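Shown next: query_15.txt, given as compact mmCIF, C-alpha atoms.
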```txt
# COMPACT_ATOMS: atom_id res chain seq x y z
CA MET A 1 -22.09 17.36 13.91
CA PRO A 2 -21.77 15.59 17.25
CA LEU A 3 -19.54 12.60 17.62
CA THR A 4 -22.00 9.79 17.09
CA ASP A 5 -21.09 6.12 17.24
CA SER A 6 -21.26 5.78 13.49
CA LEU A 7 -19.12 8.83 12.92
CA ARG A 8 -16.59 7.45 15.36
CA ASP A 9 -16.61 4.16 13.46
CA ASP A 10 -16.10 6.01 10.20
CA ILE A 11 -13.14 7.88 11.63
CA LEU A 12 -11.67 4.62 12.89
CA ALA A 13 -12.16 3.09 9.47
CA SER A 14 -10.13 5.91 7.95
CA VAL A 15 -7.16 5.38 10.24
CA PRO A 16 -5.40 2.72 8.13
CA SER A 17 -5.40 4.88 5.02
CA LEU A 18 -4.49 7.97 7.02
CA ARG A 19 -1.44 6.09 8.26
CA ALA A 20 -0.56 4.96 4.77
CA PHE A 21 -0.84 8.53 3.55
CA ALA A 22 1.22 9.85 6.45
CA ILE A 23 3.96 7.29 5.90
CA SER A 24 4.03 8.01 2.19
CA LEU A 25 4.36 11.71 2.91
CA SER A 26 6.90 11.59 5.68
CA GLY A 27 8.77 8.38 4.89
CA ASN A 28 9.04 7.77 8.59
CA GLY A 29 6.78 5.46 10.56
CA ASP A 30 7.09 7.09 13.96
CA ARG A 31 6.55 10.54 12.67
CA ALA A 32 3.66 9.31 10.58
CA ASP A 33 1.87 7.92 13.60
CA ASP A 34 2.39 11.17 15.46
CA LEU A 35 0.85 12.93 12.49
CA VAL A 36 -2.12 10.60 12.54
CA GLN A 37 -2.60 11.08 16.25
CA GLU A 38 -2.48 14.83 15.87
CA THR A 39 -4.92 14.59 12.98
CA LEU A 40 -7.39 12.59 15.02
CA LEU A 41 -7.19 14.99 17.93
CA ARG A 42 -7.76 17.95 15.64
CA ALA A 43 -10.60 16.22 13.90
CA LEU A 44 -12.33 15.28 17.11
CA ALA A 45 -11.82 18.73 18.56
CA ASN A 46 -13.35 20.28 15.45
CA ILE A 47 -15.96 17.64 14.77
CA ASP A 48 -18.68 20.29 14.93
CA SER A 49 -17.36 21.80 11.75
CA PHE A 50 -17.66 18.54 9.84
CA GLN A 51 -20.67 18.60 7.52
CA PRO A 52 -22.70 15.41 7.81
CA GLY A 53 -22.84 13.63 4.50
CA SER A 54 -19.69 15.22 3.16
CA ASN A 55 -16.55 13.27 2.42
CA LEU A 56 -15.09 12.28 5.79
CA PRO A 57 -11.86 10.73 4.47
CA ALA A 58 -11.20 13.84 2.38
CA TRP A 59 -11.79 16.01 5.44
CA LEU A 60 -9.38 13.95 7.54
CA PHE A 61 -6.77 13.82 4.78
CA THR A 62 -6.95 17.60 4.49
CA ILE A 63 -6.24 17.98 8.19
CA LEU A 64 -3.33 15.56 8.03
CA ARG A 65 -1.87 17.14 4.95
CA ASN A 66 -2.02 20.62 6.46
CA LEU A 67 -0.43 19.39 9.67
CA PHE A 68 2.32 17.74 7.72
CA ARG A 69 2.92 20.91 5.76
CA SER A 70 3.24 23.16 8.78
CA ASP A 71 5.25 20.56 10.63
CA TYR A 72 7.52 20.14 7.65
CA ARG A 73 8.18 23.82 7.41
CA LYS A 74 9.03 23.98 11.08
CA ARG A 75 11.39 21.04 11.07
CA ARG A 76 12.99 21.66 7.77
CA ARG A 77 16.09 23.22 9.21
CA GLU A 78 16.75 20.78 12.01
CA VAL A 79 15.91 17.50 10.35
CA GLU A 80 18.11 17.25 7.35
CA ASP A 81 18.81 13.75 8.57
CA ALA A 82 15.34 12.37 7.89
CA ASP A 83 16.63 10.37 4.94
CA GLY A 84 19.14 8.55 7.03
CA ASN A 85 16.42 7.80 9.52
CA TYR A 86 14.26 6.22 6.92
CA ALA A 87 17.15 4.28 5.43
CA LYS A 88 17.67 2.76 8.85
CA THR A 89 14.13 1.42 8.91
CA LEU A 90 14.72 -0.15 5.55
CA LYS A 91 17.87 -1.91 6.63
CA THR A 92 15.90 -4.03 9.04
CA GLN A 93 14.07 -5.66 6.14
CA PRO A 94 15.44 -8.79 4.56
CA ALA A 95 17.13 -7.89 1.31
CA GLN A 96 15.13 -10.06 -1.01
CA ASN A 97 14.68 -9.08 -4.59
CA ALA A 98 11.13 -7.96 -4.18
CA HIS A 99 12.18 -5.89 -1.23
CA LEU A 100 14.98 -4.29 -3.12
CA GLU A 101 12.62 -3.25 -5.83
CA PHE A 102 10.23 -1.99 -3.22
CA GLU A 103 12.93 0.01 -1.49
CA GLU A 104 14.08 1.47 -4.76
CA PHE A 105 10.55 2.55 -5.41
CA ARG A 106 10.21 4.20 -2.02
CA ALA A 107 13.51 5.95 -2.43
CA ALA A 108 12.43 7.26 -5.81
CA LEU A 109 9.13 8.42 -4.38
CA GLU A 110 11.00 10.35 -1.71
CA LYS A 111 12.87 12.21 -4.38
CA LEU A 112 9.74 13.72 -5.85
CA PRO A 113 8.83 17.26 -4.95
CA GLN A 114 6.28 17.24 -2.16
CA ASP A 115 3.49 18.66 -4.32
CA GLN A 116 3.89 15.90 -6.86
CA ARG A 117 4.28 13.14 -4.33
CA GLU A 118 1.12 13.95 -2.45
CA ALA A 119 -0.87 14.34 -5.67
CA LEU A 120 0.30 10.99 -6.95
CA ILE A 121 -0.46 9.23 -3.68
CA LEU A 122 -3.89 10.76 -3.28
CA VAL A 123 -4.96 9.85 -6.80
CA GLY A 124 -2.93 6.74 -7.49
CA ALA A 125 -3.00 5.02 -4.12
CA SER A 126 -5.66 6.53 -1.86
CA GLY A 127 -8.15 6.41 -4.70
CA PHE A 128 -9.41 9.97 -4.46
CA SER A 129 -10.87 11.62 -7.52
CA TYR A 130 -8.95 14.51 -9.02
CA GLU A 131 -11.61 16.80 -7.60
CA ASP A 132 -11.20 15.47 -4.06
CA ALA A 133 -7.43 15.56 -4.34
CA ALA A 134 -7.62 19.16 -5.50
CA ALA A 135 -9.82 20.04 -2.55
CA ILE A 136 -7.44 18.31 -0.14
CA CYS A 137 -4.44 20.14 -1.55
CA GLY A 138 -6.26 23.43 -1.95
CA CYS A 139 -5.50 23.81 -5.64
CA ALA A 140 -7.16 23.52 -9.04
CA VAL A 141 -8.06 20.17 -10.57
CA GLY A 142 -5.81 20.88 -13.55
CA THR A 143 -2.92 21.49 -11.18
CA ILE A 144 -3.43 18.08 -9.59
CA LYS A 145 -3.52 16.45 -12.99
CA SER A 146 -0.28 18.00 -14.08
CA ARG A 147 1.38 17.17 -10.77
CA VAL A 148 0.36 13.55 -11.14
CA ASN A 149 1.73 13.53 -14.67
CA ARG A 150 5.01 14.98 -13.65
CA ALA A 151 5.27 12.66 -10.69
CA ARG A 152 4.82 9.64 -12.88
CA SER A 153 7.26 10.80 -15.53
CA LYS A 154 9.84 11.53 -12.91
CA LEU A 155 9.33 8.19 -11.18
CA SER A 156 9.72 6.32 -14.41
CA ALA A 157 12.81 8.37 -15.20
CA LEU A 158 14.27 7.46 -11.84
CA LEU A 159 13.31 3.81 -11.96
CA TYR A 160 13.23 2.92 -15.61
CA VAL A 161 15.33 5.48 -17.38
CA ASP A 162 14.73 4.21 -20.89
CA GLY A 163 11.01 4.62 -21.10
CA ALA A 164 10.76 8.04 -19.55
CA GLU A 165 11.20 10.02 -22.73
CA ASP A 166 8.11 8.76 -24.46
CA PHE A 167 5.69 9.69 -21.78
CA GLY A 168 2.53 11.30 -23.00
CA PRO A 169 0.57 13.19 -20.37
CA ASP A 170 -2.75 11.74 -21.42
CA GLU A 171 -1.54 8.19 -21.18
CA THR A 172 -0.06 8.91 -17.83
CA VAL A 173 -3.33 10.14 -16.47
CA ARG A 174 -5.21 7.26 -17.94
CA ALA A 175 -2.83 4.76 -16.43
CA VAL A 176 -3.34 6.21 -12.98
CA ILE A 177 -7.09 6.19 -13.24
CA GLY A 178 -7.36 2.99 -15.20
CA GLY A 179 -5.28 1.15 -12.67
CA SER A 180 -7.91 1.55 -10.00
CA GLY A 181 -10.40 -0.58 -11.86
CA GLY A 182 -13.76 0.89 -12.60
CA MET B 1 -16.87 -3.23 -23.37
CA LYS B 2 -16.76 -5.57 -26.33
CA ASP B 3 -13.75 -5.25 -28.51
CA LEU B 4 -10.74 -5.44 -26.35
CA LYS B 5 -8.48 -5.59 -29.37
CA SER B 6 -5.74 -3.10 -29.77
CA PRO B 7 -7.08 0.45 -29.85
CA PRO B 8 -7.44 1.74 -33.40
CA GLY B 9 -5.56 4.73 -34.62
CA LYS B 10 -2.22 4.35 -32.89
CA PRO B 11 -0.64 1.21 -34.18
CA GLY B 12 2.93 2.40 -34.46
CA LYS B 13 3.02 4.26 -31.19
CA PRO B 14 5.74 3.06 -28.87
CA GLY B 15 3.27 2.92 -26.02
CA GLY B 16 3.83 -0.69 -25.02
CA LEU B 17 6.75 -0.08 -22.77
CA ASN B 18 5.20 3.03 -21.31
CA ALA B 19 2.01 1.29 -20.47
CA GLU B 20 3.96 -1.45 -18.81
CA ILE B 21 6.07 0.96 -16.82
CA GLN B 22 3.08 2.98 -15.82
CA SER B 23 1.17 -0.01 -14.64
CA ARG B 24 4.21 -1.19 -12.72
CA ILE B 25 4.49 2.16 -11.01
CA GLY B 26 0.81 2.14 -10.20
CA HIS B 27 1.11 -1.36 -8.86
CA GLN B 28 4.09 -0.56 -6.65
CA LEU B 29 2.48 2.57 -5.36
CA ARG B 30 -0.61 0.70 -4.28
CA ALA B 31 1.40 -2.22 -2.92
CA MET B 32 3.37 0.14 -0.72
CA TYR B 33 0.24 1.91 0.41
CA ASP B 34 -1.84 -1.19 0.99
CA ASP B 35 0.96 -2.72 2.95
CA VAL B 36 0.30 -0.09 5.60
CA VAL B 37 -3.47 -0.14 5.20
CA ARG B 38 -3.48 -3.87 5.92
CA GLN B 39 -1.92 -3.23 9.31
CA GLY B 40 -5.32 -2.03 10.40
CA VAL B 41 -5.90 0.30 13.31
CA PRO B 42 -3.17 0.29 15.96
CA ASP B 43 -4.49 0.05 19.50
CA ARG B 44 -3.24 3.48 20.34
CA PHE B 45 -5.64 5.08 17.86
CA ALA B 46 -8.58 2.87 18.64
CA GLU B 47 -8.13 3.77 22.27
CA LEU B 48 -7.76 7.43 21.56
CA ILE B 49 -11.01 7.58 19.67
CA ARG B 50 -12.84 5.44 22.18
CA LYS B 51 -11.60 7.53 25.05
CA LEU B 52 -12.70 10.77 23.52
CA ASP B 53 -16.11 9.34 22.91
CA VAL B 54 -16.77 9.03 26.61
CA PRO B 55 -15.72 12.28 28.23
CA GLU B 56 -13.53 11.66 31.21
CA PRO B 57 -14.55 13.18 34.48
CA THR B 58 -11.89 15.83 34.34
CA PRO B 59 -12.69 18.88 36.42
CA GLN B 60 -14.01 21.59 34.15
CA VAL B 61 -14.07 25.23 35.03
CA GLY B 62 -17.55 26.65 34.69
CA GLY B 63 -20.45 24.81 33.15
CA ALA B 64 -19.61 25.35 29.52
CA GLY B 65 -18.04 21.99 28.81
CA ASP B 66 -20.65 19.98 30.67
CA PRO B 67 -20.45 16.44 29.33
CA GLU B 68 -23.91 15.48 30.57
CA ASP B 69 -26.24 13.90 28.08
CA GLY B 70 -29.53 15.25 26.96
CA ARG B 71 -28.47 18.34 25.10
CA GLU B 72 -28.62 18.85 21.39
```

Take the structure in the file and write it out as structure tokens.
Amino acid sequence: MPLTDSLRDDILASVPSLRAFAISLSGNGDRADDLVQETLLRALANIDSFQPGSNLPAWLFTILRNLFRSDYRKRRREVEDADGNYAKTLKTQPAQNAHLEFEEFRAALEKLPQDQREALILVGASGFSYEDAAAICGCAVGTIKSRVNRARSKLSALLYVDGAEDFGPDETVRAVIGGSGG
Amino acid sequence: MKDLKSPPGKPGKPGGLNAEIQSRIGHQLRAMYDDVVRQGVPDRFAELIRKLDVPEPTPQVGGAGDPEDGRE
């Protein structure tokens, strides 16, 4: 469809969550904003292929995720230092208790395999349904569910070692969904 | 909707800690995410989208990319 004013507004409205997704994926603010910019350019260049009435955020997230994936593959060899880069950003924050906990959480999130991390973020933070998340990641709904489960078990193992053993998959899923209200 | 008492059937299950951990993880995940969301739209992106809305008078080769109005 053509780039109408309302479509443009909708795209703009998606930018904050696109950035949040990009930062969660890449762990690096600068790179995340480059990803978002690239995503917007792609989206606008291919706006004709967007189906009116379909899920615009999901469409945009798909573009961003695919860009990140191909970018990641390309850079993988050169940028082994990405962790250090992110750690540097963190050092600029005041080391309050809340911040420490926050940083620990981010560090743990970074340790998850990419598949699991993106599934957890899409479902647990971006608020996509399992179906949308599956479409964005190009996999089956069941795959997303199990990735979210594993992500949560692993996070709790990393952050709260004691409780990790007792994790039941069903409860894990429910907690993710239930947390978003109703 | 009505009875918010403890769910029947699993009284002895050590789910208390898990539920707490899970909700803490969910909370932190959203806190981290919303922290960025709350930053809104940086000017650079607002500008980018605005700019692309009004095609700039860049010289185009041929008539294919004609930005004139009035076409569907």

Shell of 8 Å around Pro57 in chain A, all atoms listed in the file, local chain residues under 3 positions omitted, as a PyMOL selection string = chain A and resi 11+14+60-61

For C-alpha atoms, I'd like the residues from the last selection saved as a CSV table (one decimal), keeping the file's coordinate frame.
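Saved to result_17.csv:
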```csv
chain,number,residue,atom,x,y,z
A,11,ILE,CA,-13.1,7.9,11.6
A,14,SER,CA,-10.1,5.9,8.0
A,60,LEU,CA,-9.4,14.0,7.5
A,61,PHE,CA,-6.8,13.8,4.8
```

Which distance in Å separates CA of Leu35 in chain A and CA of Leu18 in chain A, to one decimal?
->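 The value is 9.1 Å.
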
Would you list which chain B residues are within 6 Å of chain A using only C-alpha atoms, as a list of chain:residue names?
-> B:Arg30, B:Tyr33, B:Val36, B:Val37, B:Gly40, B:Val41

Between A:Val123, A:Phe128, A:Thr62, A:Ala157, smallest distance to Gly26 in chain B by only C-alpha atoms belongs to A:Val123

Which protein, DNA or RNA residues are at most 8 Å from (0.3, 16.4, 1.2) in the file's coordinates when you count only C-alpha atoms, listed as a ChimeraX atom specification?
-> /A:25,64-66,68-69,114-115,117-119,137

What is the CA of Thr143 in chain A-CA of Ile47 in chain A distance in Å, reported with one decimal?
->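 Spanning CA of Thr143 in chain A to CA of Ile47 in chain A is a straight-line distance of 29.3 Å.
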
Pairwise distance, CA of Leu158 in chain A with CA of Gln116 in chain A, equals 14.3 Å

From A:Val141, A:Leu67, A:Ala22, A:Tyr130, residue lying nearest Ala43 in chain A [all atoms listed in the file] |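 The closest residue to Ala43 in chain A is A:Leu67.
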
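Distances to Ser6 in chain A were evaluated for A:Leu56, A:Cys139, A:Leu100, A:Ala151 using only C-alpha atoms, and the minimum falls at A:Leu56.
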